[in-house]
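Novice: Below you'll find final.cif; it's mmCIF, N, CA and C atoms.
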```
data_start
loop_
_atom_site.label_atom_id
_atom_site.label_comp_id
_atom_site.auth_asym_id
_atom_site.auth_seq_id
_atom_site.Cartn_x
_atom_site.Cartn_y
_atom_site.Cartn_z
N MET M 453 85.04 63.26 126.21
CA MET M 453 85.17 63.77 124.86
C MET M 453 86.66 63.86 124.51
N ARG M 454 87.02 63.34 123.40
CA ARG M 454 88.41 63.29 122.97
C ARG M 454 88.74 64.52 122.12
N LYS M 455 89.86 65.13 122.43
CA LYS M 455 90.26 66.33 121.69
C LYS M 455 91.02 65.94 120.43
N ASN M 456 90.79 66.69 119.39
CA ASN M 456 91.53 66.50 118.15
C ASN M 456 92.85 67.26 118.28
N PRO M 457 94.00 66.57 118.21
CA PRO M 457 95.29 67.24 118.42
C PRO M 457 95.64 68.25 117.32
N PHE M 458 94.95 68.20 116.19
CA PHE M 458 95.24 69.12 115.11
C PHE M 458 94.32 70.33 115.09
N HIS M 459 93.32 70.35 115.97
CA HIS M 459 92.33 71.44 115.96
C HIS M 459 92.96 72.78 116.29
N ARG M 460 93.72 72.87 117.38
CA ARG M 460 94.29 74.15 117.79
C ARG M 460 95.32 74.67 116.78
N PRO M 461 96.30 73.86 116.36
CA PRO M 461 97.27 74.39 115.38
C PRO M 461 96.60 74.79 114.07
N LEU M 462 95.60 74.06 113.64
CA LEU M 462 94.90 74.39 112.41
C LEU M 462 94.19 75.74 112.53
N LYS M 463 93.57 75.97 113.69
CA LYS M 463 92.87 77.23 113.93
C LYS M 463 93.84 78.40 113.88
N TRP M 464 95.00 78.27 114.53
CA TRP M 464 95.97 79.36 114.56
C TRP M 464 96.63 79.55 113.20
N ALA M 465 96.82 78.46 112.47
CA ALA M 465 97.37 78.58 111.12
C ALA M 465 96.41 79.34 110.21
N LEU M 466 95.12 79.05 110.35
CA LEU M 466 94.11 79.76 109.58
C LEU M 466 94.12 81.25 109.92
N ALA M 467 94.22 81.56 111.19
CA ALA M 467 94.25 82.96 111.62
C ALA M 467 95.48 83.67 111.07
N ALA M 468 96.63 83.01 111.14
CA ALA M 468 97.86 83.61 110.63
C ALA M 468 97.80 83.80 109.12
N ALA M 469 97.24 82.83 108.42
CA ALA M 469 97.14 82.93 106.96
C ALA M 469 96.23 84.08 106.55
N CYS M 470 95.11 84.23 107.24
CA CYS M 470 94.18 85.32 106.92
C CYS M 470 94.81 86.68 107.20
N LEU M 471 95.50 86.78 108.33
CA LEU M 471 96.15 88.05 108.67
C LEU M 471 97.25 88.36 107.66
N GLY M 472 98.03 87.34 107.30
CA GLY M 472 99.10 87.54 106.33
C GLY M 472 98.57 87.96 104.97
N ALA M 473 97.44 87.41 104.58
CA ALA M 473 96.85 87.77 103.29
C ALA M 473 96.33 89.19 103.29
N MET M 474 95.93 89.69 104.44
CA MET M 474 95.36 91.03 104.52
C MET M 474 96.44 92.11 104.55
N ILE M 475 97.63 91.75 105.01
CA ILE M 475 98.67 92.77 105.19
C ILE M 475 99.57 92.79 103.97
N ASN M 476 99.60 93.92 103.31
CA ASN M 476 100.54 94.17 102.23
C ASN M 476 100.95 95.63 102.35
N PRO M 477 101.99 96.06 101.67
CA PRO M 477 102.46 97.43 101.87
C PRO M 477 101.40 98.51 101.71
N GLY M 478 100.49 98.36 100.78
CA GLY M 478 99.46 99.38 100.57
C GLY M 478 98.35 99.31 101.58
N ALA M 479 98.07 98.13 102.10
CA ALA M 479 96.93 97.95 103.00
C ALA M 479 97.30 98.10 104.46
N ALA M 480 98.56 98.03 104.77
CA ALA M 480 98.98 98.06 106.17
C ALA M 480 98.54 99.35 106.86
N SER M 481 98.48 100.45 106.14
CA SER M 481 98.10 101.71 106.77
C SER M 481 96.63 101.76 107.14
N SER M 482 95.78 100.96 106.47
CA SER M 482 94.36 101.01 106.78
C SER M 482 94.01 100.16 108.00
N PHE M 483 94.91 99.29 108.43
CA PHE M 483 94.69 98.53 109.65
C PHE M 483 95.25 99.39 110.78
N THR M 484 94.38 100.13 111.45
CA THR M 484 94.80 101.16 112.40
C THR M 484 95.48 100.58 113.63
N ARG M 485 96.19 101.44 114.32
CA ARG M 485 96.86 101.05 115.56
C ARG M 485 95.84 100.59 116.60
N GLU M 486 94.67 101.24 116.63
CA GLU M 486 93.63 100.85 117.58
C GLU M 486 93.14 99.43 117.29
N CYS M 487 92.94 99.14 116.01
CA CYS M 487 92.51 97.78 115.63
C CYS M 487 93.58 96.76 115.99
N ALA M 488 94.83 97.08 115.70
CA ALA M 488 95.91 96.14 115.98
C ALA M 488 96.02 95.87 117.48
N THR M 489 95.91 96.92 118.28
CA THR M 489 95.98 96.77 119.73
C THR M 489 94.83 95.93 120.25
N ARG M 490 93.64 96.24 119.80
CA ARG M 490 92.45 95.50 120.26
C ARG M 490 92.48 94.06 119.77
N ASP M 491 92.97 93.84 118.56
CA ASP M 491 93.09 92.50 118.01
C ASP M 491 93.99 91.65 118.89
N LEU M 492 95.13 92.21 119.27
CA LEU M 492 96.06 91.47 120.12
C LEU M 492 95.45 91.18 121.49
N GLN M 493 94.74 92.14 122.06
CA GLN M 493 94.07 91.92 123.34
C GLN M 493 93.05 90.79 123.25
N ILE M 494 92.26 90.80 122.20
CA ILE M 494 91.24 89.77 122.03
C ILE M 494 91.88 88.41 121.78
N LEU M 495 92.95 88.38 120.99
CA LEU M 495 93.64 87.12 120.74
C LEU M 495 94.18 86.53 122.04
N MET M 496 94.75 87.37 122.89
CA MET M 496 95.26 86.88 124.19
C MET M 496 94.11 86.43 125.09
N LEU M 497 92.98 87.13 125.04
CA LEU M 497 91.81 86.75 125.82
C LEU M 497 91.28 85.39 125.37
N ILE M 498 91.20 85.19 124.07
CA ILE M 498 90.73 83.91 123.53
C ILE M 498 91.67 82.79 123.97
N GLU M 499 92.97 83.04 123.86
CA GLU M 499 93.95 82.03 124.25
C GLU M 499 93.85 81.70 125.74
N ALA M 500 93.66 82.71 126.57
CA ALA M 500 93.53 82.48 128.01
C ALA M 500 92.28 81.66 128.33
N ARG M 501 91.17 81.98 127.66
CA ARG M 501 89.93 81.23 127.89
C ARG M 501 90.07 79.79 127.39
N GLU M 502 90.80 79.62 126.31
CA GLU M 502 91.01 78.27 125.77
C GLU M 502 91.87 77.44 126.73
N ASN M 503 92.93 78.04 127.26
CA ASN M 503 93.82 77.33 128.17
C ASN M 503 93.15 76.97 129.49
N SER M 504 92.22 77.81 129.94
CA SER M 504 91.56 77.56 131.22
C SER M 504 90.27 76.75 131.07
N ASN M 505 89.91 76.45 129.83
CA ASN M 505 88.66 75.73 129.55
C ASN M 505 87.44 76.44 130.14
N ALA M 506 87.50 77.77 130.19
CA ALA M 506 86.42 78.57 130.76
C ALA M 506 85.26 78.78 129.78
N VAL M 507 85.52 78.53 128.50
CA VAL M 507 84.52 78.77 127.46
C VAL M 507 84.51 77.56 126.53
N SER M 508 83.34 77.24 126.00
CA SER M 508 83.23 76.08 125.12
C SER M 508 84.05 76.28 123.85
N PRO M 509 84.53 75.19 123.27
CA PRO M 509 85.29 75.29 122.02
C PRO M 509 84.48 75.93 120.89
N GLU M 510 83.18 75.68 120.87
CA GLU M 510 82.34 76.28 119.84
C GLU M 510 82.31 77.80 119.96
N LYS M 511 82.21 78.29 121.19
CA LYS M 511 82.18 79.73 121.41
C LYS M 511 83.52 80.36 121.04
N LEU M 512 84.61 79.65 121.33
CA LEU M 512 85.93 80.16 120.97
C LEU M 512 86.12 80.17 119.45
N SER M 513 85.60 79.15 118.80
CA SER M 513 85.68 79.10 117.34
C SER M 513 84.89 80.26 116.73
N ASP M 514 83.71 80.51 117.25
CA ASP M 514 82.91 81.65 116.78
C ASP M 514 83.66 82.96 117.01
N ALA M 515 84.33 83.06 118.15
CA ALA M 515 85.09 84.27 118.46
C ALA M 515 86.22 84.47 117.46
N MET M 516 86.89 83.39 117.07
CA MET M 516 87.98 83.49 116.10
C MET M 516 87.46 83.96 114.73
N PHE M 517 86.32 83.41 114.31
CA PHE M 517 85.77 83.82 113.03
C PHE M 517 85.29 85.27 113.07
N THR M 518 84.73 85.68 114.18
CA THR M 518 84.30 87.07 114.32
C THR M 518 85.51 87.98 114.33
N MET M 519 86.60 87.53 114.93
CA MET M 519 87.84 88.31 114.94
C MET M 519 88.36 88.48 113.51
N MET M 520 88.28 87.44 112.70
CA MET M 520 88.69 87.56 111.30
C MET M 520 87.81 88.59 110.57
N HIS M 521 86.53 88.56 110.87
CA HIS M 521 85.62 89.54 110.27
C HIS M 521 85.99 90.95 110.71
N ALA M 522 86.29 91.12 111.99
CA ALA M 522 86.68 92.44 112.50
C ALA M 522 87.95 92.93 111.81
N ARG M 523 88.89 92.03 111.55
CA ARG M 523 90.11 92.41 110.84
C ARG M 523 89.79 92.91 109.44
N MET M 524 88.90 92.23 108.77
CA MET M 524 88.53 92.64 107.41
C MET M 524 87.81 93.99 107.42
N VAL M 525 86.94 94.18 108.41
CA VAL M 525 86.22 95.45 108.54
C VAL M 525 87.20 96.59 108.78
N CYS M 526 88.16 96.37 109.64
CA CYS M 526 89.16 97.41 109.91
C CYS M 526 90.02 97.66 108.68
N HIS M 527 90.36 96.60 107.99
CA HIS M 527 91.14 96.71 106.76
C HIS M 527 90.41 97.56 105.71
N GLU M 528 89.10 97.51 105.73
CA GLU M 528 88.28 98.32 104.81
C GLU M 528 88.22 99.78 105.23
N GLY M 529 88.80 100.10 106.39
CA GLY M 529 88.81 101.48 106.85
C GLY M 529 87.70 101.82 107.82
N ARG M 530 86.95 100.84 108.27
CA ARG M 530 85.83 101.07 109.20
C ARG M 530 86.25 100.66 110.60
N ALA M 531 87.20 101.41 111.17
CA ALA M 531 87.79 101.06 112.46
C ALA M 531 86.76 101.05 113.59
N ALA M 532 85.84 102.01 113.60
CA ALA M 532 84.85 102.06 114.68
C ALA M 532 83.97 100.81 114.68
N ASP M 533 83.58 100.35 113.49
CA ASP M 533 82.79 99.12 113.39
C ASP M 533 83.59 97.91 113.85
N ALA M 534 84.86 97.88 113.46
CA ALA M 534 85.73 96.76 113.86
C ALA M 534 85.91 96.74 115.37
N LEU M 535 86.12 97.90 115.98
CA LEU M 535 86.29 97.95 117.43
C LEU M 535 85.03 97.48 118.15
N ALA M 536 83.87 97.79 117.58
CA ALA M 536 82.61 97.31 118.17
C ALA M 536 82.54 95.78 118.08
N LEU M 537 82.99 95.22 116.97
CA LEU M 537 83.03 93.76 116.84
C LEU M 537 83.96 93.14 117.87
N TYR M 538 85.14 93.75 118.06
CA TYR M 538 86.07 93.26 119.07
C TYR M 538 85.44 93.30 120.46
N ASP M 539 84.72 94.38 120.76
CA ASP M 539 84.05 94.48 122.06
C ASP M 539 83.01 93.38 122.23
N ASN M 540 82.28 93.08 121.16
CA ASN M 540 81.28 92.00 121.21
C ASN M 540 81.94 90.65 121.47
N ILE M 541 83.10 90.43 120.87
CA ILE M 541 83.83 89.18 121.11
C ILE M 541 84.19 89.07 122.59
N ALA M 542 84.74 90.13 123.13
CA ALA M 542 85.14 90.12 124.54
C ALA M 542 83.95 89.83 125.45
N GLN M 543 82.82 90.45 125.16
CA GLN M 543 81.62 90.21 125.96
C GLN M 543 81.14 88.77 125.84
N SER M 544 81.21 88.23 124.63
CA SER M 544 80.69 86.88 124.42
C SER M 544 81.50 85.80 125.12
N ILE M 545 82.79 86.02 125.30
CA ILE M 545 83.60 84.98 125.94
C ILE M 545 83.90 85.28 127.41
N THR M 546 83.41 86.40 127.90
CA THR M 546 83.57 86.69 129.33
C THR M 546 82.23 86.80 130.04
N ALA M 547 81.13 86.60 129.34
CA ALA M 547 79.80 86.80 129.90
C ALA M 547 79.51 85.89 131.09
N ASN M 548 80.01 84.66 131.08
CA ASN M 548 79.71 83.71 132.15
C ASN M 548 80.74 83.73 133.27
N ILE M 549 81.72 84.58 133.16
CA ILE M 549 82.79 84.62 134.15
C ILE M 549 82.52 85.76 135.12
N GLY M 550 82.77 85.51 136.39
CA GLY M 550 82.52 86.51 137.41
C GLY M 550 83.36 87.75 137.19
N ARG M 551 82.92 88.86 137.75
CA ARG M 551 83.60 90.14 137.55
C ARG M 551 85.04 90.12 138.02
N SER M 552 85.35 89.46 139.14
CA SER M 552 86.72 89.42 139.63
C SER M 552 87.62 88.62 138.70
N GLU M 553 87.09 87.58 138.09
CA GLU M 553 87.85 86.76 137.14
C GLU M 553 88.10 87.52 135.84
N ARG M 554 87.13 88.35 135.44
CA ARG M 554 87.19 89.04 134.16
C ARG M 554 88.38 89.99 134.07
N TRP M 555 88.74 90.65 135.16
CA TRP M 555 89.77 91.69 135.10
C TRP M 555 91.11 91.25 135.65
N ARG M 556 91.39 90.00 135.67
CA ARG M 556 92.70 89.52 136.14
C ARG M 556 93.80 89.95 135.25
#
```
Any chance you could give the structure as structure tokens?
Specialist:
Amino acid sequence: MRKNPFHRPLKWALAAACLGAMINPGAASSFTRECATRDLQILMLIEARENSNAVSPEKLSDAMFTMMHARMVCHEGRAADALALYDNIAQSITANIGRSERWR
């Protein structure tokens, strides 16, 4: 299977554009520190799984879109719901990986 060289940069550009559109001086306070921390953790987890080819590209794409949804939910002030979405993302992309691999 041949990889599209523009797939990864396009995906990250989309993520950056969505995050940039959500952050403005009035809205920045509604994106809580907990959401920001968890968002960064999930983003690094997705990147690690992508680099190791441990998860299918489709599953990673779904994770990115769910992460965008979690950002919007947190932006709306529903941090607990957003954190639950982030937890679901982590479970979905680590479900097939052994316990010792999961906590590296």
Novice: Report, in Å with one decimal, the straight-line distance from atom C of Gln543 of chain M to atom CA of Ala515 of chain M.
Specialist: 9.5 Å
Novice: Can you work out which one of M:Val507, M:Ala522, M:Ala534, M:Phe517 has the shortest atom-to-atom distance to Thr546 of chain M, counting only N, CA and C atoms?
Specialist: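 For Thr546 of chain M, the nearest of the given residues is M:Val507.
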Novice: Excluding same-chain residues fewer than 5 positions from segment 486-491 of chain M, what lies within 8 Å of it counting only N, CA and C atoms, as a ChimeraX atom specification?
Specialist: /M:496-497,519,522-523,526,531,534-535,538-539
Novice: Would you compute the distance between atom N of Thr518 of chain M and atom CA of Ile541 of chain M? Give it in Å to one decimal.
Specialist: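 Rounded to one decimal, the two atoms are 7.8 Å apart.
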Novice: What is the atom C of Arg501 of chain M-atom N of Ile545 of chain M distance in Å, reported with one decimal?
Specialist: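 Separating atom C of Arg501 of chain M from atom N of Ile545 of chain M is a distance of 9.8 Å.
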